[in-house]
Every structure is written in structure tokens, then in C-alpha cells.
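> Below you'll find the structure I mean.
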Amino acid sequence: MAAQSLKIYDLVRSAQLIPDDELSEATKTSTHLNVALQDVLIGRRLISKDKLGDLIARSLGIGYVNLKDVTIPKEVLILVKEELAQERKIVPIGRDGYILHLAMMDPTNLETINFIRKITGLNIIPFFAFESDIKFGLHQYKSSLTENFQRLIEQVAKQRPGRATPQELAEDVSIIQAVGRMLEFAVIAEASDVHIEALSDSVLVRYRIDGVLHDMITLPKSLHPAIVARIKILSSLKLDETRLPQDGRLKFVSDEGDVVSLRVSILPTVEGEKIVLRILESGELSLSLEDLGYDERSVGIIKKALSRPHGMILITGPTGSGKTTNLYTMLNLLNTGEVNISTVEDPVENRIRRINQTQINTQISFSFAEGLRALLRQDPDIVMVGEIRDSETVGMAVNAAMTGHLVLSTLHTNDSPGAIPRLIDLGAEPFLLASTLELVIAQRLIRRICPKCQVTHEADSKISDYIVTNISDPTERGEIIKIIPTKIRTAPGCDYCKYTGYSGRTGLYEMFTINEEIRQLILDKSSASKIKSVAIKSGMQTMLVDGINKVAQGITTFEEVLRVTRD
């Protein structure tokens with residue numbers, strides 16, 4: 001039986017690794033959302049990826065390998081050509097004399113095993129690997145971005161005519177390859193954004209990885225018009241418009257065949273047009289609240305708020321702090337056959353099965369308010385508004401929450417208590433807001449300590465010194481003092497984390513529910529600082545407290561917490 005078609009349900013149930021009721025619920029979700037059961041089990045943290053992989057492999061009588069933990073020698077990779085490895089979904093991972101260790105999605109495929117044995121002259125020992133890890137392993141075939149571009153730069157210098165039109169520039173084969181490789185490497189590096197910046201004498205390409213920008217390569221200034229033209233054509237933007245900003249969207253197909261969507265922003269600068277590409281999530285998200293970094297107490301608060309038939313849940317934070325991912329995760333929890341869920345977004349960043357998603361279009365005056373007005377006539381039970389940014393939208397959202405709908409949305413404020421004065425400033429009536437608002441969450445994204453090079457050592461006094469100097473609220477200060485760790489983890493940096501000391505990100509959160517005391521403060525139009533003080537006394541865990549907790553757990557560093565929480 002092929003590994004892909006193994007009955008994961010039977011394997012997990014037989015191993016008694018998950019309670020039957022949780023396994024059955026995960027199976028229903030898998031069927032309902034049309035996603036693999038293994039993705040739901042791993043996404044909800046019912047079972048670890050490595051434990052499930054080992055379970056599948058043992059059922060086949062072979063070993064399991066997590067390719068994200070393996071650096072493959074070049075001399076092993078060249079034993080199987082990249083094109084063949086991609087076609088067969090295999091990765092050579094090691095050699096022991098006349099034996100080749102081969103990672104496979106389907107280790108029972110004897111035809112592939114015999115074929116690789118024939119072309120390499122080596123005996124094959126197969127290992128099971130998940131599809132996502134096979135793709136990660138295939139990336140190790142790639143040479144560096146600099147090596148790729150050096151060859152392409154030389155080709156462009158030889159081929160591109162000196163006086164070409166923007167259209168001709170964009171259609172040059174070398175430019176097509178150059179832009180494609182730039183995007184491909186951004187996906188490989190798990191970047192969230194690509195910045196292409198015109199300098200006085202060159203073009204700088206930077207990737208935002210784990211929330212921090214990294215210089216990737218510097219290109220000749222002569223390539224700038226060609227790169228801009230190519231991206232404009234891919235995004236269906238105007239080639240001859242260089243004086244005004246332009247926004248668009250493009251898709252490209254990666255070497256592994258994945259369709260990757262990007263949001264495009266082009267801005268004129270004194271040195272030329274700057275391009276920022278936001279890489280959007282592909283496929284359907286199946287994250288759990290725990291995956292986002294919520295602790296057990298916070299998960300309980302959120303699920304209680306989501307269980308209400310009406311009311312408003314708000315998520316606040318700056319651009320790029322993960323608000324949309326948070327909303328999508330909540331919508332997935334609510335996405336059952338008994339409710340009608342509709343959204344109005346800018347843009348639709350991830351498509352969710354059985355949810356009606358609408359994208360605003362300001363060019364035809366289709367705003368959040370217009371979209372919300374229209375979808376409220378579609379008999380929704382749950383409404384998600386991508387962002388509340390004007391008086392008309394806030395009024396309609398509050399009224400929708402008042403008339404029997406559960407409304408989820410985002411807002412730009414520095415902390416969760418600041419959401420209330422902001423909504424009132426936008427025109428929300430305090431008496432309506434006090435009746436409808438249920439939960440406010442503020443969030444930031446922080447980098448995780450690299451798991452490969454982390455070290456544990458005694459904590460110094462910098463945390464307590466900072467708290468004494470900067471935290472004035474006695475309740476918050478007391479909470480932090482109780483959790484200051486005696487040992488902390490840091491990471492000096494290694495090849496795995498590109499010598500940054502960090503790999504991956506998680507969330508920092510603060511949230512409060514609306515109790516009677518806070519409802520009265522809303523009616524009185526109290527300040528954000530007064531609401532914050534009452535919320536803390538009522539049990540709100542501030543973002544800094546959550547951050548120190550994550551430092552104590554060895555998830556991140558105190559410096560990283562300060563970087564994202566300091567005003």
C-alpha cells in the first residue's frame with residue numbers, strides 16, 4: 001500500500017496516541033475542509049510531525065527522516081539528477097559504501113527504487129519523508145542566489161540591446177530567468193517580503209525573513225528597468241506609468257510546481273521605482289491557536305468568545321504582525337456545516353473552503369463598508385471584515401454584532417486597550433460598543449531561538465533592571481517579577497539560522513474580555529491607560545508578561561521581546 005494512501009486514522013488509533021473523540025473530531029475536520037488527516041493532526045498538535053512520521057515508517061518496516069534536520073553533502077546529491085529527484089519525489093540523503101539512503105514520499109514504490117539502483121549502481125535503503133520535507137530537501141540542489149545571478153548578469157550584458165523598450169526588456173529570456181530565480185529563492189528562504197530598491201549606482205535586493213530584512217544581493221543599476229518592467233507585466237500593471245504608485249498581484253509556479261501568489265507594490269523614489277513583493281500563504285491554512293503561540297489560558301478565552309452567537313472580536317497590531325493569519329485560524333475553528341461565514345478582505349490572502357470571501361476594489365468604489373453592506377444581505381451567521389478603518393465600516397460592524405452576527409475584524413492600535421478609544425474616535429457609539437464588544441487581542445510576531453545552536457546559561461539582572469525602571473503599573477510589575485527566569489537561552493548563530501541566532505517566529509499577545517467594569521469605562525469614554533489599568537487588575541496578561549513567559553520557556557530572548565514591544 002502506498003504511503004500516501006495509508007489509513008492514518010487506523011494507524012494512530014491502533015497506537016492509542018490520541019483520545020478517540022479527538023481523533024474522530026480531527027477526521028471530521030479533515031473531511032469537511034478536504035485536507036489530509038495528517039495535516040489536521042499535526043496542525044492541532046494532537047501528535048508531533050516526527051512521531052507521526054515514525055509511526056508511518058514503522059508500519060512499513062523502514063526508517064523515517066525529517067529533511068529539515070539534514071544537511072546533504074553535494075557528492076550525495078549529484079548521485080541523482082535534480083530533474084529526476086523532482087519527478088520521482090525523492091531525495092538522496094546519505095551514502096554508506098555501496099548503499100544509498102533515499103528519502104521517499106512513497107517508500108513502497110519498487111519501480112522507483114529499482115530504477116535508482118540501476119542508474120547509480122548502488123543498493124537502496126528507503127526512508128519515509130513527508131511531502132513538505134521532500135520539497136525542502138530538493139531545495140538543497142540549488143546553488144546560492146549570488147551564483148545564479150552572476151551567470152544571469154553575464155547573459156543579460158551580452159544579450160540585452162542598449163536601447164530596448166520596456167516590453168522588450170521584460171521579455172528578454174535572461175530577465176525572465178533572473179526574476180523567476182529571485183522569487184524562487186525568496187520562497188526557499190521562507191521570506192515574507194522581497195524588497196527591490198534602486199540605489200544611485202546599483203539595485204539592492206533584500207528579503208524579510210522572520211521579520212527582519214537581510215541584504216541578499218546587489219545588482220548592476222542597468223538591470224533595474226528590466227526587472228521593474230518584468231514585474232509590471234507579471235502583475236498586469238502599466239509599463240509607462242513611473243510617476244504614480246501602483247499595486248497589483250502576480251502568481252508564479254515554483255520549480256516544485258507550487259503556485260505562489262504575491263502582492264505587488266511599486267513606489268516611485270528619487271533613484272527609481274522601488275518594488276515590494278509580499279509572499280502570500282499558499283494552500284489552505286490548518287493552523288491551531290497553539291501553533292500561533294497562544295498559551296492554554298488564552299486558547300480557552302478565545303474559544304469561549306468564538307462560541308458566542310453574536311458580538312465582536314477585534315485583533316489589533318501593526319502591518320505584518322500576523323493578524324490575518326490569526327483571523328483565518330479562528331474562522332477555521334468556526335467553519336462547520338451549520339453556519340454561513342462571509343468575509344470582505346483587502347486582499348483575500350488565503351482561500352478557505354466553504355467560506356464566502358470577497359475582495360474590495362477601491363478603483364470601483366467597492367470599499368469595506370460597501371462589501372459589508374452587501375454581504376449582510378447574504379444571511380451570514382459569522383462575518384469577517386479585513387480591517388476597520390473608517391466611520392462607516394465601524395458603524396456597520398457594530399450594528400451587525402448587535403443584530404445577531406459574530407463579527408471578527410482588525411484595527412491598527414499599539415495595544416489592546418487602545419482599541420476602544422480608537423473605535424469611539426471613528427464614530428462608534430459608546431453604548432453600542434459596550435453591548436457588542438466581547439474580546440480584544442493585540443499581537444506582535446517575535447523570532448524564535450535557533451534550535452540548532454541554542455545554549456542555556458544563568459540569567460543576569462537586565463530583565464529585573466528593565467522592569468524596575470520602565471514598568472509603572474504595580475500589578476503588571478508584580479506579575480513579571482514572579483516569572484523572571486533564573487536560566488535563559490540564547491543562540492550564537494550557525495549555518496542553519498544563517499548566523500542570526502533565530503529561526504522561525506511565534507506570536508506575542510495580550511487580550512482582555514469586556515466585563516461590567518470595562519463596559520462602564522467605555523460608556524464614560526475613558527482613556528486607554530485607565531482601561532489598561534482596569535484590564536490588568538481583571539486578569540489581562542500584557543504583551544510584555546507574555547514575552548517574559550516565552551523567555552522563561554526558552555522560546556525567545558529578552559532582547560527580541562523588547563524589540564517588538566518597546567514603544
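Chains: A, B, ... in order of the C-alpha cells. Residues: from 1 per chain. Ligands: from 1, in order shown.
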I'd like the neighbourhood of A:Pro225 as a PDB file with N, CA, C and O atoms, in the first residue's frame, where a residue qualifies if any of its atoms comes within 12 Å (using only C-alpha atoms), though same-chain residues fewer than 6 positions away should be ignored.


ATOM      1  N   ARG A 160      21.127  41.793 -23.991  1.00  0.00           N
ATOM      2  CA  ARG A 160      20.133  42.854 -23.990  1.00  0.00           C
ATOM      3  C   ARG A 160      20.625  44.056 -24.786  1.00  0.00           C
ATOM      4  O   ARG A 160      21.688  44.601 -24.538  1.00  0.00           O
ATOM      5  N   GLY A 162      21.120  47.878 -26.064  1.00  0.00           N
ATOM      6  CA  GLY A 162      21.282  49.085 -25.266  1.00  0.00           C
ATOM      7  C   GLY A 162      20.050  49.966 -25.251  1.00  0.00           C
ATOM      8  O   GLY A 162      19.788  50.643 -24.280  1.00  0.00           O
ATOM      9  N   ARG A 163      19.269  49.971 -26.330  1.00  0.00           N
ATOM     10  CA  ARG A 163      18.092  50.834 -26.389  1.00  0.00           C
ATOM     11  C   ARG A 163      16.841  49.994 -26.624  1.00  0.00           C
ATOM     12  O   ARG A 163      16.233  50.039 -27.694  1.00  0.00           O
ATOM     13  N   ALA A 164      16.466  49.258 -25.643  1.00  0.00           N
ATOM     14  CA  ALA A 164      15.288  48.393 -25.754  1.00  0.00           C
ATOM     15  C   ALA A 164      14.092  49.076 -25.101  1.00  0.00           C
ATOM     16  O   ALA A 164      14.241  49.865 -24.170  1.00  0.00           O
ATOM     17  N   THR A 165      12.910  48.761 -25.571  1.00  0.00           N
ATOM     18  CA  THR A 165      11.681  49.259 -24.956  1.00  0.00           C
ATOM     19  C   THR A 165      11.423  48.483 -23.679  1.00  0.00           C
ATOM     20  O   THR A 165      11.962  47.378 -23.490  1.00  0.00           O
ATOM     21  N   PRO A 166      10.570  49.027 -22.764  1.00  0.00           N
ATOM     22  CA  PRO A 166      10.235  48.266 -21.553  1.00  0.00           C
ATOM     23  C   PRO A 166       9.684  46.877 -21.868  1.00  0.00           C
ATOM     24  O   PRO A 166      10.004  45.906 -21.176  1.00  0.00           O
ATOM     25  N   GLN A 167       8.859  46.783 -22.910  1.00  0.00           N
ATOM     26  CA  GLN A 167       8.298  45.482 -23.294  1.00  0.00           C
ATOM     27  C   GLN A 167       9.405  44.513 -23.684  1.00  0.00           C
ATOM     28  O   GLN A 167       9.412  43.349 -23.283  1.00  0.00           O
ATOM     29  N   GLU A 168      10.367  44.995 -24.481  1.00  0.00           N
ATOM     30  CA  GLU A 168      11.476  44.138 -24.909  1.00  0.00           C
ATOM     31  C   GLU A 168      12.350  43.737 -23.725  1.00  0.00           C
ATOM     32  O   GLU A 168      12.823  42.594 -23.638  1.00  0.00           O
ATOM     33  N   LEU A 169      12.554  44.682 -22.802  1.00  0.00           N
ATOM     34  CA  LEU A 169      13.340  44.364 -21.605  1.00  0.00           C
ATOM     35  C   LEU A 169      12.697  43.232 -20.822  1.00  0.00           C
ATOM     36  O   LEU A 169      13.367  42.290 -20.388  1.00  0.00           O
ATOM     37  N   ALA A 170      11.388  43.337 -20.640  1.00  0.00           N
ATOM     38  CA  ALA A 170      10.677  42.368 -19.813  1.00  0.00           C
ATOM     39  C   ALA A 170      10.611  40.990 -20.449  1.00  0.00           C
ATOM     40  O   ALA A 170      10.452  39.995 -19.741  1.00  0.00           O
ATOM     41  N   ILE A 175      16.194  38.042 -18.338  1.00  0.00           N
ATOM     42  CA  ILE A 175      15.458  38.784 -17.306  1.00  0.00           C
ATOM     43  C   ILE A 175      14.342  37.914 -16.738  1.00  0.00           C
ATOM     44  O   ILE A 175      14.088  37.901 -15.524  1.00  0.00           O
ATOM     45  N   ILE A 196      13.007  45.289  -3.655  1.00  0.00           N
ATOM     46  CA  ILE A 196      13.924  45.579  -4.767  1.00  0.00           C
ATOM     47  C   ILE A 196      14.077  47.086  -4.804  1.00  0.00           C
ATOM     48  O   ILE A 196      13.153  47.814  -5.187  1.00  0.00           O
ATOM     49  N   GLU A 197      15.239  47.579  -4.388  1.00  0.00           N
ATOM     50  CA  GLU A 197      15.425  49.003  -4.140  1.00  0.00           C
ATOM     51  C   GLU A 197      16.481  49.587  -5.073  1.00  0.00           C
ATOM     52  O   GLU A 197      17.607  49.079  -5.158  1.00  0.00           O
ATOM     53  N   ALA A 198      16.119  50.662  -5.770  1.00  0.00           N
ATOM     54  CA  ALA A 198      17.056  51.353  -6.659  1.00  0.00           C
ATOM     55  C   ALA A 198      17.934  52.302  -5.845  1.00  0.00           C
ATOM     56  O   ALA A 198      17.429  53.177  -5.139  1.00  0.00           O
ATOM     57  N   SER A 202      23.336  51.136  -8.041  1.00  0.00           N
ATOM     58  CA  SER A 202      23.080  49.689  -8.041  1.00  0.00           C
ATOM     59  C   SER A 202      21.624  49.426  -7.671  1.00  0.00           C
ATOM     60  O   SER A 202      20.855  50.349  -7.421  1.00  0.00           O
ATOM     61  N   VAL A 203      21.286  48.141  -7.633  1.00  0.00           N
ATOM     62  CA  VAL A 203      19.959  47.700  -7.200  1.00  0.00           C
ATOM     63  C   VAL A 203      20.161  46.720  -6.052  1.00  0.00           C
ATOM     64  O   VAL A 203      20.894  45.732  -6.198  1.00  0.00           O
ATOM     65  N   LEU A 219      22.788  44.194  -7.455  1.00  0.00           N
ATOM     66  CA  LEU A 219      22.798  44.011  -8.907  1.00  0.00           C
ATOM     67  C   LEU A 219      23.214  45.308  -9.588  1.00  0.00           C
ATOM     68  O   LEU A 219      23.075  46.399  -9.024  1.00  0.00           O
ATOM     69  N   ILE A 231       8.276  42.688 -13.697  1.00  0.00           N
ATOM     70  CA  ILE A 231       7.314  42.543 -12.602  1.00  0.00           C
ATOM     71  C   ILE A 231       6.007  43.267 -12.937  1.00  0.00           C
ATOM     72  O   ILE A 231       4.917  42.779 -12.601  1.00  0.00           O
ATOM     73  N   LYS A 232       6.093  44.395 -13.608  1.00  0.00           N
ATOM     74  CA  LYS A 232       4.872  45.097 -14.008  1.00  0.00           C
ATOM     75  C   LYS A 232       4.039  44.249 -14.974  1.00  0.00           C
ATOM     76  O   LYS A 232       2.807  44.192 -14.854  1.00  0.00           O
ATOM     77  N   LEU A 239       3.146  49.740 -17.833  1.00  0.00           N
ATOM     78  CA  LEU A 239       4.584  49.839 -18.047  1.00  0.00           C
ATOM     79  C   LEU A 239       5.060  51.284 -18.128  1.00  0.00           C
ATOM     80  O   LEU A 239       6.160  51.613 -17.668  1.00  0.00           O
ATOM     81  N   ASP A 240       4.232  52.147 -18.703  1.00  0.00           N
ATOM     82  CA  ASP A 240       4.670  53.515 -18.943  1.00  0.00           C
ATOM     83  C   ASP A 240       4.376  54.464 -17.780  1.00  0.00           C
ATOM     84  O   ASP A 240       4.687  55.648 -17.856  1.00  0.00           O
ATOM     85  N   THR A 242       5.420  55.738 -14.419  1.00  0.00           N
ATOM     86  CA  THR A 242       6.564  55.728 -13.493  1.00  0.00           C
ATOM     87  C   THR A 242       6.468  56.828 -12.447  1.00  0.00           C
ATOM     88  O   THR A 242       7.339  56.932 -11.582  1.00  0.00           O
ATOM     89  N   GLU A 271      15.551  57.667  -6.878  1.00  0.00           N
ATOM     90  CA  GLU A 271      16.527  56.830  -7.575  1.00  0.00           C
ATOM     91  C   GLU A 271      15.873  55.855  -8.552  1.00  0.00           C
ATOM     92  O   GLU A 271      16.564  55.118  -9.233  1.00  0.00           O
ATOM     93  N   GLY A 272      14.558  55.859  -8.616  1.00  0.00           N
ATOM     94  CA  GLY A 272      13.860  54.902  -9.476  1.00  0.00           C
ATOM     95  C   GLY A 272      12.761  54.217  -8.690  1.00  0.00           C
ATOM     96  O   GLY A 272      12.606  54.435  -7.488  1.00  0.00           O
ATOM     97  N   GLU A 273      12.006  53.385  -9.355  1.00  0.00           N
ATOM     98  CA  GLU A 273      10.858  52.744  -8.713  1.00  0.00           C
ATOM     99  C   GLU A 273      11.303  51.625  -7.766  1.00  0.00           C
ATOM    100  O   GLU A 273      12.091  50.761  -8.144  1.00  0.00           O
ATOM    101  N   LYS A 274      10.748  51.668  -6.544  1.00  0.00           N
ATOM    102  CA  LYS A 274      11.008  50.615  -5.559  1.00  0.00           C
ATOM    103  C   LYS A 274       9.862  49.616  -5.608  1.00  0.00           C
ATOM    104  O   LYS A 274       8.693  49.991  -5.672  1.00  0.00           O
ATOM    105  N   ILE A 275      10.207  48.336  -5.538  1.00  0.00           N
ATOM    106  CA  ILE A 275       9.210  47.262  -5.579  1.00  0.00           C
ATOM    107  C   ILE A 275       9.253  46.486  -4.276  1.00  0.00           C
ATOM    108  O   ILE A 275      10.332  46.122  -3.797  1.00  0.00           O
TER     109      ILE A 275
END

> I'd like a table as CSV: residues in stretch 309-339 of chain A with an atom no more than 12 Å from stretch 431-454 of chain A, each row giving the shortest atom pair and its distance in Å to one decimal, only C-alpha atoms counted, sorted by chain and rising residue number.


residue,atom,partner,partner_atom,distance
A:Pro309,CA,A:Glu438,CA,11.2
A:His310,CA,A:Thr436,CA,7.8
A:Gly311,CA,A:Thr436,CA,4.7
A:Met312,CA,A:Leu437,CA,4.7
A:Ile313,CA,A:Leu439,CA,4.9
A:Leu314,CA,A:Val440,CA,4.8
A:Ile315,CA,A:Ile441,CA,4.7
A:Thr316,CA,A:Ala442,CA,4.6
A:Gly317,CA,A:Gln443,CA,5.5
A:Pro318,CA,A:Arg444,CA,7.6
A:Thr319,CA,A:Arg444,CA,9.5
A:Gly320,CA,A:Leu445,CA,8.2
A:Ser321,CA,A:Arg444,CA,4.9
A:Gly322,CA,A:Leu445,CA,6.9
A:Lys323,CA,A:Gln443,CA,7.4
A:Thr324,CA,A:Gln443,CA,11.2
A:Thr325,CA,A:Gln443,CA,11.4
A:Asn326,CA,A:Gln443,CA,9.5
A:Leu327,CA,A:Ile441,CA,11.0

> Could you dump the residues just selected with N, CA, C and O atoms as a compact mmCIF listing (two decimals), in the first residue's frame?


# COMPACT_ATOMS: atom_id res chain seq x y z
N PRO A 309 -23.00 33.46 19.96
CA PRO A 309 -23.71 33.59 18.68
C PRO A 309 -23.58 34.97 18.06
O PRO A 309 -23.83 35.14 16.87
N HIS A 310 -23.22 35.97 18.86
CA HIS A 310 -23.09 37.33 18.32
C HIS A 310 -22.09 38.10 19.15
O HIS A 310 -21.66 37.65 20.22
N GLY A 311 -21.72 39.28 18.68
CA GLY A 311 -20.72 40.09 19.35
C GLY A 311 -19.55 40.37 18.43
O GLY A 311 -19.52 39.95 17.28
N MET A 312 -18.56 41.09 18.96
CA MET A 312 -17.42 41.50 18.14
C MET A 312 -16.11 41.08 18.79
O MET A 312 -15.91 41.26 19.99
N ILE A 313 -15.22 40.50 17.97
CA ILE A 313 -13.87 40.14 18.38
C ILE A 313 -12.91 40.94 17.52
O ILE A 313 -12.98 40.90 16.29
N LEU A 314 -12.00 41.68 18.15
CA LEU A 314 -11.07 42.53 17.42
C LEU A 314 -9.63 42.09 17.65
O LEU A 314 -9.25 41.70 18.77
N ILE A 315 -8.82 42.15 16.59
CA ILE A 315 -7.39 41.87 16.69
C ILE A 315 -6.65 43.13 16.25
O ILE A 315 -6.91 43.67 15.17
N THR A 316 -5.75 43.61 17.08
CA THR A 316 -5.01 44.83 16.77
C THR A 316 -3.53 44.52 16.63
O THR A 316 -3.02 43.54 17.16
N GLY A 317 -2.84 45.42 15.94
CA GLY A 317 -1.41 45.26 15.76
C GLY A 317 -0.97 45.92 14.47
O GLY A 317 -1.79 46.24 13.61
N PRO A 318 0.34 46.13 14.30
CA PRO A 318 0.84 46.78 13.08
C PRO A 318 0.77 45.86 11.88
O PRO A 318 0.51 44.66 11.99
N THR A 319 1.01 46.41 10.70
CA THR A 319 1.06 45.62 9.48
C THR A 319 2.16 44.56 9.60
O THR A 319 3.26 44.84 10.08
N GLY A 320 1.84 43.34 9.17
CA GLY A 320 2.83 42.27 9.21
C GLY A 320 2.96 41.58 10.54
O GLY A 320 3.92 40.84 10.78
N SER A 321 1.99 41.79 11.44
CA SER A 321 2.08 41.17 12.77
C SER A 321 1.29 39.86 12.86
O SER A 321 1.19 39.28 13.94
N GLY A 322 0.73 39.41 11.75
CA GLY A 322 0.04 38.11 11.76
C GLY A 322 -1.45 38.18 12.06
O GLY A 322 -2.06 37.15 12.35
N LYS A 323 -2.05 39.36 11.94
CA LYS A 323 -3.47 39.49 12.28
C LYS A 323 -4.35 38.65 11.36
O LYS A 323 -5.29 37.98 11.81
N THR A 324 -4.06 38.67 10.06
CA THR A 324 -4.88 37.93 9.10
C THR A 324 -4.78 36.44 9.35
O THR A 324 -5.79 35.72 9.32
N THR A 325 -3.57 35.94 9.60
CA THR A 325 -3.40 34.51 9.90
C THR A 325 -4.19 34.13 11.14
O THR A 325 -4.81 33.06 11.21
N ASN A 326 -4.20 35.02 12.12
CA ASN A 326 -4.97 34.79 13.35
C ASN A 326 -6.46 34.68 13.04
O ASN A 326 -7.15 33.77 13.52
N LEU A 327 -6.96 35.60 12.22
CA LEU A 327 -8.37 35.58 11.86
C LEU A 327 -8.72 34.31 11.09
O LEU A 327 -9.76 33.68 11.33

> Which residue out of A:Arg477, A:Arg377, A:Lys221, A:Arg278 has the minimum interatomic distance to A:Ala186 when only C-alpha atoms are used?

A:Arg278

> So which bits of stretch 346-416 of chain A end up strand (DSSP E or B) when you DSSP the backbone, as a list in words?

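Filtering stretch 346-416 of chain A down to strand (DSSP E or B) leaves Asn356, Gln357, Thr358, Gln359, Asn361, Phe366, Ile382, Val383, Met384, Val385, Leu406, Val407, Leu408, Ser409, Thr410 and Leu411 of chain A.
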
> Restricting the calculation to only C-alpha atoms, which member of A:Ala459, A:Ile8, A:Ala419, A:Leu79 is positioned closest to A:Ala528?

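Comparing A:Ala459, A:Ile8, A:Ala419, A:Leu79 against A:Ala528, the winner is A:Ala419.
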
> With a distance cut-off of 7 Å and only C-alpha atoms, select the neighbouring residues of A:Ile488, excluding the residue or stretch itself and same-chain residues fewer than 2 positions from it, and output the selection as a PyMOL selection string.

chain A and resi 456-459+485-486+490+551-552+554

> Using Å and a single decimal, report how far atom CA of A:Ser367 sits from atom CA of A:Pro417.

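Here the two named atoms are 26.7 Å from each other.
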
> Could you check the closest approach to A:Leu41 for each of A:Ser288, A:Asn114, A:Thr343, A:Thr500 and tell me which residue wins, using only C-alpha atoms?

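Residue with the minimum atom-to-atom distance to A:Leu41: A:Ser288.
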
> Report as a PyMOL selection string: the residues of stretch 54-173 of chain A with a DSSP assignment of helix (DSSP H, G or I), based on the backbone of this structure.

chain A and resi 54-60+67-69+74-77+82-88+110-120+131-141+145-159+166-171+173

> Any idea what the distance is between atom CA of A:Ile93 and atom CA of A:Asn109?

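One can read the atom CA of A:Ile93 to atom CA of A:Asn109 distance as 17.5 Å.
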
> Atom CA of A:Leu306 to atom CA of A:Phe368: how many Å, to one decimal?

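Those two atoms sit 22.4 Å apart.
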
> Which residues come within 8 Å of stretch 354-358 of chain A, counting only C-alpha atoms, excluding same-chain residues fewer than 5 positions away, as a list in words?

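The residues satisfying every condition are Leu33, Asn335, Asn340, Ile341, Ser342, Thr343, Val344, Glu345, Val348 and Gly371 of chain A.
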